[in-house]
Amino acid sequence: MKIAEITAKAKVLLEALPYIQDFRGSTFVVKYGGSFMDDPNPEVRNRVAYDIAFLAAVGINVVVVHGGGKAITKAMQESGLKANFINGLRVTDEPTIQIVKKTLDEIVNRDVCAAVSLAQGKPKGLAGDSVLVCEKLTVDDNGNEVDLGFVGDVTEVKAKLIKKEIADGFIPIISPVAEGLDGKPYNINADTAAGRVASALRARRLVYMSDVPGLLSDPKDPTSLISTLKVGQVDELKKKGVIDKGMRPKVGSAVRALQEGVQRVHFIDGRLPHSLLLEIFTDKGIGTEIVHG
């Protein structure tokens, strides 16, 4: 290896050092979702797990909330059920919620845990309805009344149970299912669940990983990345249609989390190798950060 390459690697480590020192002992919540979760190449799927294990290894308390929409749709097809959506939200009747819970808890959660274990991390899979409580969702992001069946809005996070797993040295991996007031499991938007968990834990960072570079001023132009967005700018961008469709629940959850004590929220592209580390431990970052103001 050439001296220049060795020196470049040393510079990267030195750039990360002040961030590692500053973040040690902090809590980060990572929403692990996007098409990269379903990539047939295990290397792509496992890269994020190595980043998560790295964060834990340098003393950051990492909590993961994962998605699994494509896995659910696949499982429904195999069971002869057709997926039905209203404004991007999955309609979840009684047969569907059984498939949702089984798929998220027994397939996706275990896969994420296995990937983190492979990276020498210490994952602890948690069924979402063991730590999340919800009421039935009756209003969508646009304020319209909806009836989606067993779809909930998180009202309580059992933070003590999550903190106990962290104290015992584990990386909690939480599925987006919650227990309803009727004692039944409810499907939860994973972005929303991650935001509620981050708020309850007073997380220093909330990171949404998906398959877009971040928030784009022109959704059709991947080079139009908005590096920093202030909360006060959100409503105007919604009116302009910059924040639309799948980004609305993400940004809505981010704003609420900031209002409830989370210090900063990041949107990054999970398809980019080591995007989590690049966003957290470098001066420029590679995604969109939403901050107070």
# chains A, B, ... in the order shown; residues from 1 in each chain; ligands from 1
>>> closest_atom_pairs(of="segment 174-241 of chain A", to="segment 120-136 of chain A", cutoff="10 Å", atoms="only C-alpha atoms", output="JSON lines")
{"residue": "A:Ile174", "atom": "CA", "partner": "A:Leu126", "partner_atom": "CA", "distance": 4.9}
{"residue": "A:Ser175", "atom": "CA", "partner": "A:Gly128", "partner_atom": "CA", "distance": 4.6}
{"residue": "A:Pro176", "atom": "CA", "partner": "A:Gly128", "partner_atom": "CA", "distance": 5.4}
{"residue": "A:Val177", "atom": "CA", "partner": "A:Gly128", "partner_atom": "CA", "distance": 4.6}
{"residue": "A:Ala178", "atom": "CA", "partner": "A:Asp129", "partner_atom": "CA", "distance": 3.9}
{"residue": "A:Glu179", "atom": "CA", "partner": "A:Asp129", "partner_atom": "CA", "distance": 4.6}
{"residue": "A:Gly180", "atom": "CA", "partner": "A:Cys134", "partner_atom": "CA", "distance": 4.9}
{"residue": "A:Leu181", "atom": "CA", "partner": "A:Glu135", "partner_atom": "CA", "distance": 6.0}
{"residue": "A:Asp182", "atom": "CA", "partner": "A:Glu135", "partner_atom": "CA", "distance": 8.7}
{"residue": "A:Gly183", "atom": "CA", "partner": "A:Val133", "partner_atom": "CA", "distance": 9.2}
{"residue": "A:Lys184", "atom": "CA", "partner": "A:Asp129", "partner_atom": "CA", "distance": 8.8}
{"residue": "A:Pro185", "atom": "CA", "partner": "A:Asp129", "partner_atom": "CA", "distance": 6.5}
{"residue": "A:Tyr186", "atom": "CA", "partner": "A:Cys134", "partner_atom": "CA", "distance": 7.6}
{"residue": "A:Asn187", "atom": "CA", "partner": "A:Gly128", "partner_atom": "CA", "distance": 9.6}
{"residue": "A:Ile188", "atom": "CA", "partner": "A:Cys134", "partner_atom": "CA", "distance": 8.6}
{"residue": "A:Ala193", "atom": "CA", "partner": "A:Leu132", "partner_atom": "CA", "distance": 8.3}
{"residue": "A:Arg196", "atom": "CA", "partner": "A:Leu132", "partner_atom": "CA", "distance": 9.1}
{"residue": "A:Val197", "atom": "CA", "partner": "A:Leu132", "partner_atom": "CA", "distance": 8.5}
>>> write_last_selection(atoms="all heavy atoms", output="short mmCIF file (atom, residue, chain, number, x, y, z; two decimals), in the first residue's frame")
data_model
loop_
_atom_site.label_atom_id
_atom_site.label_comp_id
_atom_site.auth_asym_id
_atom_site.auth_seq_id
_atom_site.Cartn_x
_atom_site.Cartn_y
_atom_site.Cartn_z
N ILE A 174 -36.12 -3.54 16.81
CA ILE A 174 -37.56 -3.49 17.09
C ILE A 174 -38.38 -3.57 15.80
O ILE A 174 -38.11 -2.85 14.84
CB ILE A 174 -37.92 -2.19 17.84
CG1 ILE A 174 -37.10 -2.08 19.14
CG2 ILE A 174 -39.41 -2.12 18.15
CD1 ILE A 174 -37.20 -0.73 19.83
N SER A 175 -39.40 -4.45 15.79
CA SER A 175 -40.29 -4.54 14.63
C SER A 175 -41.42 -3.52 14.76
O SER A 175 -41.83 -3.18 15.87
CB SER A 175 -40.87 -5.96 14.51
OG SER A 175 -41.67 -6.26 15.66
N PRO A 176 -41.95 -3.00 13.63
CA PRO A 176 -42.98 -1.97 13.68
C PRO A 176 -44.39 -2.53 13.86
O PRO A 176 -45.27 -2.40 13.01
CB PRO A 176 -42.82 -1.26 12.33
CG PRO A 176 -42.36 -2.33 11.41
CD PRO A 176 -41.50 -3.25 12.24
N VAL A 177 -44.59 -3.16 15.01
CA VAL A 177 -45.90 -3.68 15.41
C VAL A 177 -46.14 -3.16 16.83
O VAL A 177 -45.20 -3.08 17.62
CB VAL A 177 -45.93 -5.23 15.40
CG1 VAL A 177 -47.29 -5.75 15.84
CG2 VAL A 177 -45.57 -5.77 14.03
N ALA A 178 -47.38 -2.80 17.14
CA ALA A 178 -47.68 -2.31 18.49
C ALA A 178 -48.90 -3.04 19.04
O ALA A 178 -49.70 -3.61 18.29
CB ALA A 178 -47.93 -0.80 18.47
N GLU A 179 -49.02 -3.02 20.37
CA GLU A 179 -50.19 -3.61 21.01
C GLU A 179 -51.28 -2.55 21.12
O GLU A 179 -51.06 -1.46 21.64
CB GLU A 179 -49.84 -4.13 22.40
CG GLU A 179 -51.02 -4.80 23.09
CD GLU A 179 -50.67 -5.32 24.48
OE1 GLU A 179 -49.85 -4.68 25.16
OE2 GLU A 179 -51.24 -6.35 24.89
N GLY A 180 -52.46 -2.88 20.60
CA GLY A 180 -53.58 -1.95 20.67
C GLY A 180 -54.21 -1.93 22.06
O GLY A 180 -53.91 -2.78 22.91
N LEU A 181 -55.08 -0.97 22.28
CA LEU A 181 -55.77 -0.87 23.56
C LEU A 181 -56.68 -2.08 23.79
O LEU A 181 -57.08 -2.35 24.93
CB LEU A 181 -56.59 0.43 23.62
CG LEU A 181 -55.76 1.72 23.42
CD1 LEU A 181 -56.67 2.94 23.43
CD2 LEU A 181 -54.70 1.84 24.52
N ASP A 182 -57.00 -2.81 22.69
CA ASP A 182 -57.81 -4.02 22.79
C ASP A 182 -56.95 -5.27 22.99
O ASP A 182 -57.46 -6.39 23.00
CB ASP A 182 -58.68 -4.17 21.55
CG ASP A 182 -57.87 -4.16 20.25
OD1 ASP A 182 -56.62 -4.13 20.34
OD2 ASP A 182 -58.47 -4.16 19.16
N GLY A 183 -55.62 -5.08 23.14
CA GLY A 183 -54.72 -6.21 23.36
C GLY A 183 -54.29 -6.92 22.09
O GLY A 183 -53.51 -7.87 22.16
N LYS A 184 -54.75 -6.45 20.93
CA LYS A 184 -54.40 -7.09 19.66
C LYS A 184 -53.22 -6.37 19.00
O LYS A 184 -53.00 -5.19 19.25
CB LYS A 184 -55.62 -7.09 18.72
CG LYS A 184 -56.78 -7.93 19.23
CD LYS A 184 -57.94 -7.90 18.27
CE LYS A 184 -59.09 -8.77 18.77
NZ LYS A 184 -60.26 -8.74 17.85
N PRO A 185 -52.48 -7.08 18.13
CA PRO A 185 -51.36 -6.43 17.43
C PRO A 185 -51.86 -5.51 16.32
O PRO A 185 -52.86 -5.81 15.66
CB PRO A 185 -50.57 -7.60 16.85
CG PRO A 185 -51.57 -8.70 16.71
CD PRO A 185 -52.57 -8.52 17.80
N TYR A 186 -51.15 -4.40 16.13
CA TYR A 186 -51.49 -3.43 15.08
C TYR A 186 -50.25 -3.13 14.25
O TYR A 186 -49.14 -3.04 14.77
CB TYR A 186 -52.01 -2.12 15.69
CG TYR A 186 -53.48 -2.16 16.10
CD1 TYR A 186 -53.89 -2.94 17.18
CD2 TYR A 186 -54.43 -1.45 15.39
CE1 TYR A 186 -55.22 -2.99 17.56
CE2 TYR A 186 -55.77 -1.49 15.76
CZ TYR A 186 -56.17 -2.26 16.84
OH TYR A 186 -57.49 -2.31 17.20
N ASN A 187 -50.47 -2.97 12.95
CA ASN A 187 -49.41 -2.59 12.02
C ASN A 187 -49.09 -1.11 12.22
O ASN A 187 -49.99 -0.29 12.34
CB ASN A 187 -49.92 -2.84 10.59
CG ASN A 187 -48.83 -2.70 9.55
OD1 ASN A 187 -47.66 -2.61 9.85
ND2 ASN A 187 -49.24 -2.69 8.28
N ILE A 188 -47.80 -0.76 12.27
CA ILE A 188 -47.37 0.62 12.50
C ILE A 188 -46.45 1.06 11.37
O ILE A 188 -45.59 0.29 10.93
CB ILE A 188 -46.60 0.75 13.85
CG1 ILE A 188 -47.46 0.25 15.01
CG2 ILE A 188 -46.15 2.18 14.09
CD1 ILE A 188 -48.65 1.11 15.35
N ALA A 193 -42.90 4.80 13.92
CA ALA A 193 -42.44 4.05 15.09
C ALA A 193 -41.04 4.49 15.50
O ALA A 193 -40.76 4.68 16.69
CB ALA A 193 -42.46 2.55 14.78
N ARG A 196 -41.20 7.83 17.29
CA ARG A 196 -41.73 7.75 18.66
C ARG A 196 -40.70 7.14 19.61
O ARG A 196 -40.56 7.56 20.75
CB ARG A 196 -43.02 6.91 18.68
CG ARG A 196 -44.10 7.37 17.74
CD ARG A 196 -44.55 8.82 17.98
NE ARG A 196 -45.12 8.99 19.30
CZ ARG A 196 -44.80 9.97 20.12
NH1 ARG A 196 -43.89 10.87 19.78
NH2 ARG A 196 -45.39 10.07 21.30
N VAL A 197 -39.98 6.12 19.13
CA VAL A 197 -38.93 5.50 19.96
C VAL A 197 -37.83 6.52 20.25
O VAL A 197 -37.36 6.65 21.39
CB VAL A 197 -38.35 4.25 19.25
CG1 VAL A 197 -37.08 3.76 19.97
CG2 VAL A 197 -39.39 3.14 19.22
#
>>> residues_around(residues="Gln233 of chain A", least_positions_apart="4", cutoff="12 Å", atoms="only C-alpha atoms", output="MDAnalysis selection string")
chainID A and resid 226 228:229 237:240 242:243 251 255 290:293
>>> write_last_selection(atoms="N, CA, C and O atoms", output="tab-separated table (two decimals), in the first residue's frame")
chain	number	residue	atom	x	y	z
A	226	ILE	N	-30.99	18.58	-0.60
A	226	ILE	CA	-31.03	19.63	0.42
A	226	ILE	C	-30.22	19.12	1.61
A	226	ILE	O	-30.64	18.19	2.30
A	228	THR	N	-29.18	20.66	4.50
A	228	THR	CA	-29.71	21.03	5.82
A	228	THR	C	-31.08	21.68	5.66
A	228	THR	O	-31.25	22.57	4.82
A	229	LEU	N	-32.03	21.22	6.44
A	229	LEU	CA	-33.38	21.77	6.40
A	229	LEU	C	-33.79	22.15	7.81
A	229	LEU	O	-33.64	21.37	8.75
A	237	LEU	N	-42.18	23.78	1.96
A	237	LEU	CA	-41.78	22.72	1.03
A	237	LEU	C	-42.91	21.72	0.79
A	237	LEU	O	-43.00	21.13	-0.28
A	238	LYS	N	-43.80	21.56	1.78
A	238	LYS	CA	-44.98	20.72	1.57
A	238	LYS	C	-45.91	21.36	0.56
A	238	LYS	O	-46.45	20.70	-0.33
A	239	LYS	N	-46.10	22.68	0.70
A	239	LYS	CA	-46.98	23.41	-0.23
A	239	LYS	C	-46.45	23.33	-1.65
A	239	LYS	O	-47.21	23.23	-2.62
A	240	LYS	N	-45.13	23.37	-1.80
A	240	LYS	CA	-44.51	23.33	-3.12
A	240	LYS	C	-44.48	21.91	-3.71
A	240	LYS	O	-44.15	21.73	-4.87
A	242	VAL	N	-42.43	19.62	-2.69
A	242	VAL	CA	-41.07	19.05	-2.53
A	242	VAL	C	-41.12	17.90	-1.53
A	242	VAL	O	-40.50	16.85	-1.73
A	243	ILE	N	-41.88	18.11	-0.45
A	243	ILE	CA	-42.11	17.04	0.53
A	243	ILE	C	-43.47	16.44	0.20
A	243	ILE	O	-44.51	17.06	0.44
A	251	VAL	N	-40.92	13.05	7.18
A	251	VAL	CA	-40.64	14.41	7.64
A	251	VAL	C	-41.54	14.77	8.83
A	251	VAL	O	-41.09	15.41	9.79
A	255	VAL	N	-40.06	15.99	12.40
A	255	VAL	CA	-40.40	17.26	13.06
A	255	VAL	C	-40.93	17.01	14.46
A	255	VAL	O	-40.54	17.68	15.42
A	290	ILE	N	-32.25	17.42	9.32
A	290	ILE	CA	-33.29	18.36	9.73
A	290	ILE	C	-32.96	18.83	11.13
A	290	ILE	O	-32.71	18.01	12.04
A	291	VAL	N	-32.94	20.15	11.31
A	291	VAL	CA	-32.50	20.73	12.59
A	291	VAL	C	-33.56	21.71	13.10
A	291	VAL	O	-34.47	22.12	12.37
A	292	HIS	N	-33.40	22.10	14.35
A	292	HIS	CA	-34.31	23.11	14.94
A	292	HIS	C	-34.13	24.45	14.22
A	292	HIS	O	-33.10	24.71	13.62
A	293	GLY	N	-35.16	25.30	14.33
A	293	GLY	CA	-35.03	26.64	13.74
A	293	GLY	C	-36.04	26.85	12.65
A	293	GLY	O	-36.66	25.90	12.16
>>> residues_around(residues="segment 75-88 of chain A", least_positions_apart="6", cutoff="12 Å", atoms="only C-alpha atoms", output="NGL selection string")
:A and (68-69 or 94-104 or 106-108 or 139-149 or 151 or 189 or 244-249)
>>> closest_residue(among="A:Gln21, A:Asn41, A:Thr92, A:Thr27", to="Val58 of chain A", atoms="only C-alpha atoms")
A:Gln21
>>> select_by_dssp(residues="segment 139-279 of chain A", states="strand (DSSP E or B)", output="PyMOL selection string")
chain A and resi 139+145+149+151-157+171-174+177-180+185-187+205-210+216+225+228-230+264-269
>>> write_last_selection(atoms="C-alpha atoms", output="PDB file, in the first residue's frame")
ATOM      1  CA  VAL A 139     -56.630  10.191  10.530  1.00  0.00           C
ATOM      2  CA  GLU A 145     -60.437  10.322   8.238  1.00  0.00           C
ATOM      3  CA  GLY A 149     -58.265  -1.849   9.996  1.00  0.00           C
ATOM      4  CA  VAL A 151     -53.224   0.027  11.726  1.00  0.00           C
ATOM      5  CA  GLY A 152     -52.183   2.009  14.771  1.00  0.00           C
ATOM      6  CA  ASP A 153     -50.657   5.249  15.972  1.00  0.00           C
ATOM      7  CA  VAL A 154     -48.101   4.807  18.770  1.00  0.00           C
ATOM      8  CA  THR A 155     -49.225   6.349  22.070  1.00  0.00           C
ATOM      9  CA  GLU A 156     -46.648   4.824  24.430  1.00  0.00           C
ATOM     10  CA  VAL A 157     -43.101   3.495  24.236  1.00  0.00           C
ATOM     11  CA  ILE A 171     -28.473  -3.432  20.279  1.00  0.00           C
ATOM     12  CA  PRO A 172     -32.317  -3.543  20.426  1.00  0.00           C
ATOM     13  CA  ILE A 173     -33.857  -4.426  17.029  1.00  0.00           C
ATOM     14  CA  ILE A 174     -37.562  -3.493  17.085  1.00  0.00           C
ATOM     15  CA  VAL A 177     -45.905  -3.679  15.408  1.00  0.00           C
ATOM     16  CA  ALA A 178     -47.681  -2.314  18.491  1.00  0.00           C
ATOM     17  CA  GLU A 179     -50.195  -3.612  21.008  1.00  0.00           C
ATOM     18  CA  GLY A 180     -53.582  -1.946  20.674  1.00  0.00           C
ATOM     19  CA  PRO A 185     -51.361  -6.428  17.426  1.00  0.00           C
ATOM     20  CA  TYR A 186     -51.491  -3.427  15.078  1.00  0.00           C
ATOM     21  CA  ASN A 187     -49.412  -2.594  12.020  1.00  0.00           C
ATOM     22  CA  ARG A 205     -29.740  11.358  16.558  1.00  0.00           C
ATOM     23  CA  LEU A 206     -32.582   9.795  14.554  1.00  0.00           C
ATOM     24  CA  VAL A 207     -31.455   8.406  11.204  1.00  0.00           C
ATOM     25  CA  TYR A 208     -33.870   7.337   8.463  1.00  0.00           C
ATOM     26  CA  MET A 209     -32.244   4.958   5.977  1.00  0.00           C
ATOM     27  CA  SER A 210     -34.120   4.433   2.711  1.00  0.00           C
ATOM     28  CA  LEU A 216     -34.473  16.580  -2.969  1.00  0.00           C
ATOM     29  CA  LEU A 225     -30.040  17.321  -2.439  1.00  0.00           C
ATOM     30  CA  THR A 228     -29.709  21.030   5.815  1.00  0.00           C
ATOM     31  CA  LEU A 229     -33.385  21.766   6.398  1.00  0.00           C
ATOM     32  CA  LYS A 230     -34.785  23.825   9.273  1.00  0.00           C
ATOM     33  CA  ARG A 264     -31.072  16.142  15.006  1.00  0.00           C
ATOM     34  CA  VAL A 265     -32.640  13.963  12.304  1.00  0.00           C
ATOM     35  CA  HIS A 266     -30.926  12.582   9.185  1.00  0.00           C
ATOM     36  CA  PHE A 267     -32.260  11.113   5.918  1.00  0.00           C
ATOM     37  CA  ILE A 268     -29.678   9.001   4.088  1.00  0.00           C
ATOM     38  CA  ASP A 269     -29.426   6.494   1.229  1.00  0.00           C
TER      39      ASP A 269
END
>>> residues_around(residues="Val48 of chain A", least_positions_apart="5", cutoff="12 Å", atoms="only C-alpha atoms", output="CSV table (one decimal) with N, CA, C and O atoms, in the first residue's frame")
chain,number,residue,atom,x,y,z
A,30,VAL,N,-31.9,4.2,14.6
A,30,VAL,CA,-31.8,4.1,13.2
A,30,VAL,C,-33.0,3.4,12.6
A,30,VAL,O,-33.3,2.3,13.1
A,31,LYS,N,-33.7,4.0,11.7
A,31,LYS,CA,-34.8,3.4,10.9
A,31,LYS,C,-34.1,2.7,9.7
A,31,LYS,O,-33.6,3.3,8.9
A,32,TYR,N,-34.2,1.3,9.8
A,32,TYR,CA,-33.6,0.5,8.8
A,32,TYR,C,-34.6,0.0,7.8
A,32,TYR,O,-35.4,-0.9,8.1
A,33,GLY,N,-34.7,0.7,6.6
A,33,GLY,CA,-35.7,0.3,5.6
A,33,GLY,C,-35.3,0.7,4.2
A,33,GLY,O,-34.3,1.4,4.1
A,34,GLY,N,-36.1,0.3,3.2
A,34,GLY,CA,-35.7,0.7,1.9
A,34,GLY,C,-35.5,-0.6,1.1
A,34,GLY,O,-35.3,-1.7,1.6
A,36,PHE,N,-32.9,-1.7,-0.3
A,36,PHE,CA,-31.6,-2.3,-0.1
A,36,PHE,C,-31.8,-3.5,0.9
A,36,PHE,O,-31.0,-4.4,0.9
A,37,MET,N,-32.8,-3.4,1.7
A,37,MET,CA,-33.1,-4.5,2.7
A,37,MET,C,-33.4,-5.8,1.9
A,37,MET,O,-33.1,-6.9,2.5
A,42,PRO,N,-26.1,-10.4,-0.5
A,42,PRO,CA,-26.0,-10.2,0.9
A,42,PRO,C,-25.0,-9.1,1.3
A,42,PRO,O,-25.2,-8.6,2.4
A,43,GLU,N,-24.1,-8.8,0.5
A,43,GLU,CA,-23.1,-7.8,0.8
A,43,GLU,C,-23.8,-6.4,1.0
A,43,GLU,O,-23.5,-5.7,1.9
A,53,ALA,N,-23.0,-2.0,13.9
A,53,ALA,CA,-22.0,-2.6,14.8
A,53,ALA,C,-20.9,-1.7,15.2
A,53,ALA,O,-20.4,-1.7,16.3
A,54,PHE,N,-20.4,-0.9,14.2
A,54,PHE,CA,-19.3,0.0,14.4
A,54,PHE,C,-19.8,1.1,15.4
A,54,PHE,O,-19.0,1.4,16.3
A,55,LEU,N,-21.0,1.6,15.2
A,55,LEU,CA,-21.5,2.7,16.1
A,55,LEU,C,-21.5,2.1,17.6
A,55,LEU,O,-21.1,2.8,18.5
A,64,VAL,N,-32.4,0.0,16.8
A,64,VAL,CA,-32.9,-0.1,15.4
A,64,VAL,C,-34.4,-0.4,15.3
A,64,VAL,O,-34.9,-1.2,16.0
A,66,HIS,N,-36.9,-1.5,12.3
A,66,HIS,CA,-36.8,-1.9,10.9
A,66,HIS,C,-38.2,-1.8,10.2
A,66,HIS,O,-39.2,-1.9,10.9
A,112,VAL,N,-32.4,-9.2,10.3
A,112,VAL,CA,-31.6,-8.0,10.7
A,112,VAL,C,-30.7,-8.4,11.9
A,112,VAL,O,-29.5,-8.1,11.9
A,113,CYS,N,-31.2,-9.2,12.8
A,113,CYS,CA,-30.4,-9.6,14.0
A,113,CYS,C,-29.2,-10.5,13.5
A,113,CYS,O,-28.1,-10.3,14.0
A,115,ALA,N,-27.7,-10.4,10.6
A,115,ALA,CA,-26.7,-9.5,9.9
A,115,ALA,C,-25.9,-8.8,10.9
A,115,ALA,O,-24.6,-8.7,10.8
A,116,VAL,N,-26.5,-8.3,12.0
A,116,VAL,CA,-25.7,-7.5,13.0
A,116,VAL,C,-24.8,-8.5,13.8
A,116,VAL,O,-23.7,-8.2,14.1
A,118,LEU,N,-23.4,-11.2,12.5
A,118,LEU,CA,-22.3,-11.4,11.6
A,118,LEU,C,-21.3,-10.3,11.6
A,118,LEU,O,-20.1,-10.6,11.5
A,119,ALA,N,-21.7,-9.1,12.0
A,119,ALA,CA,-20.8,-8.0,12.1
A,119,ALA,C,-20.2,-7.9,13.5
A,119,ALA,O,-19.6,-6.8,13.8
A,121,GLY,N,-21.8,-7.6,16.2
A,121,GLY,CA,-22.6,-6.8,17.1
A,121,GLY,C,-23.4,-7.7,18.1
A,121,GLY,O,-23.4,-9.0,17.9
A,209,MET,N,-33.0,5.5,7.1
A,209,MET,CA,-32.2,5.0,6.0
A,209,MET,C,-33.3,4.4,5.0
A,209,MET,O,-34.2,3.7,5.3
A,210,SER,N,-33.2,4.9,3.7
A,210,SER,CA,-34.1,4.4,2.7
A,210,SER,C,-33.4,4.3,1.4
A,210,SER,O,-32.2,4.1,1.4
A,268,ILE,N,-30.8,9.4,4.9
A,268,ILE,CA,-29.7,9.0,4.1
A,268,ILE,C,-30.0,7.8,3.2
A,268,ILE,O,-31.0,7.1,3.5
A,269,ASP,N,-29.2,7.6,2.2
A,269,ASP,CA,-29.4,6.5,1.2
A,269,ASP,C,-28.7,5.2,1.7
A,269,ASP,O,-27.5,5.2,1.7
A,270,GLY,N,-29.5,4.2,2.1
A,270,GLY,CA,-28.9,3.0,2.5
A,270,GLY,C,-28.2,2.2,1.4
A,270,GLY,O,-27.4,1.3,1.7
A,271,ARG,N,-28.4,2.5,0.2
A,271,ARG,CA,-27.7,1.8,-0.9
A,271,ARG,C,-26.3,2.3,-1.1
A,271,ARG,O,-25.5,1.5,-1.6
A,272,LEU,N,-25.9,3.4,-0.6
A,272,LEU,CA,-24.6,4.0,-0.7
A,272,LEU,C,-23.7,3.3,0.4
A,272,LEU,O,-24.1,3.3,1.6
A,273,PRO,N,-22.6,2.7,0.0
A,273,PRO,CA,-21.8,2.0,1.0
A,273,PRO,C,-21.4,2.9,2.2
A,273,PRO,O,-20.9,4.0,2.0
A,274,HIS,N,-21.7,2.4,3.4
A,274,HIS,CA,-21.3,3.0,4.6
A,274,HIS,C,-21.8,4.4,4.8
A,274,HIS,O,-21.2,5.3,5.4
A,275,SER,N,-23.1,4.7,4.2
A,275,SER,CA,-23.7,6.0,4.3
A,275,SER,C,-23.9,6.4,5.7
A,275,SER,O,-23.8,7.6,6.1
A,276,LEU,N,-24.2,5.5,6.6
A,276,LEU,CA,-24.4,5.8,8.0
A,276,LEU,C,-23.2,6.4,8.7
A,276,LEU,O,-23.3,7.4,9.3
A,277,LEU,N,-22.1,5.8,8.4
A,277,LEU,CA,-20.8,6.3,9.0
A,277,LEU,C,-20.4,7.6,8.4
A,277,LEU,O,-19.9,8.5,9.0
A,278,LEU,N,-20.6,7.7,7.0
A,278,LEU,CA,-20.2,9.0,6.4
A,278,LEU,C,-21.1,10.1,6.8
A,278,LEU,O,-20.6,11.3,7.0
>>> residues_around(residues="Thr282 of chain A", least_positions_apart="3", cutoff="7 Å", atoms="only C-alpha atoms", output="list in words")
Glu15, Ala16, Leu278, Glu279 and Gly285 of chain A
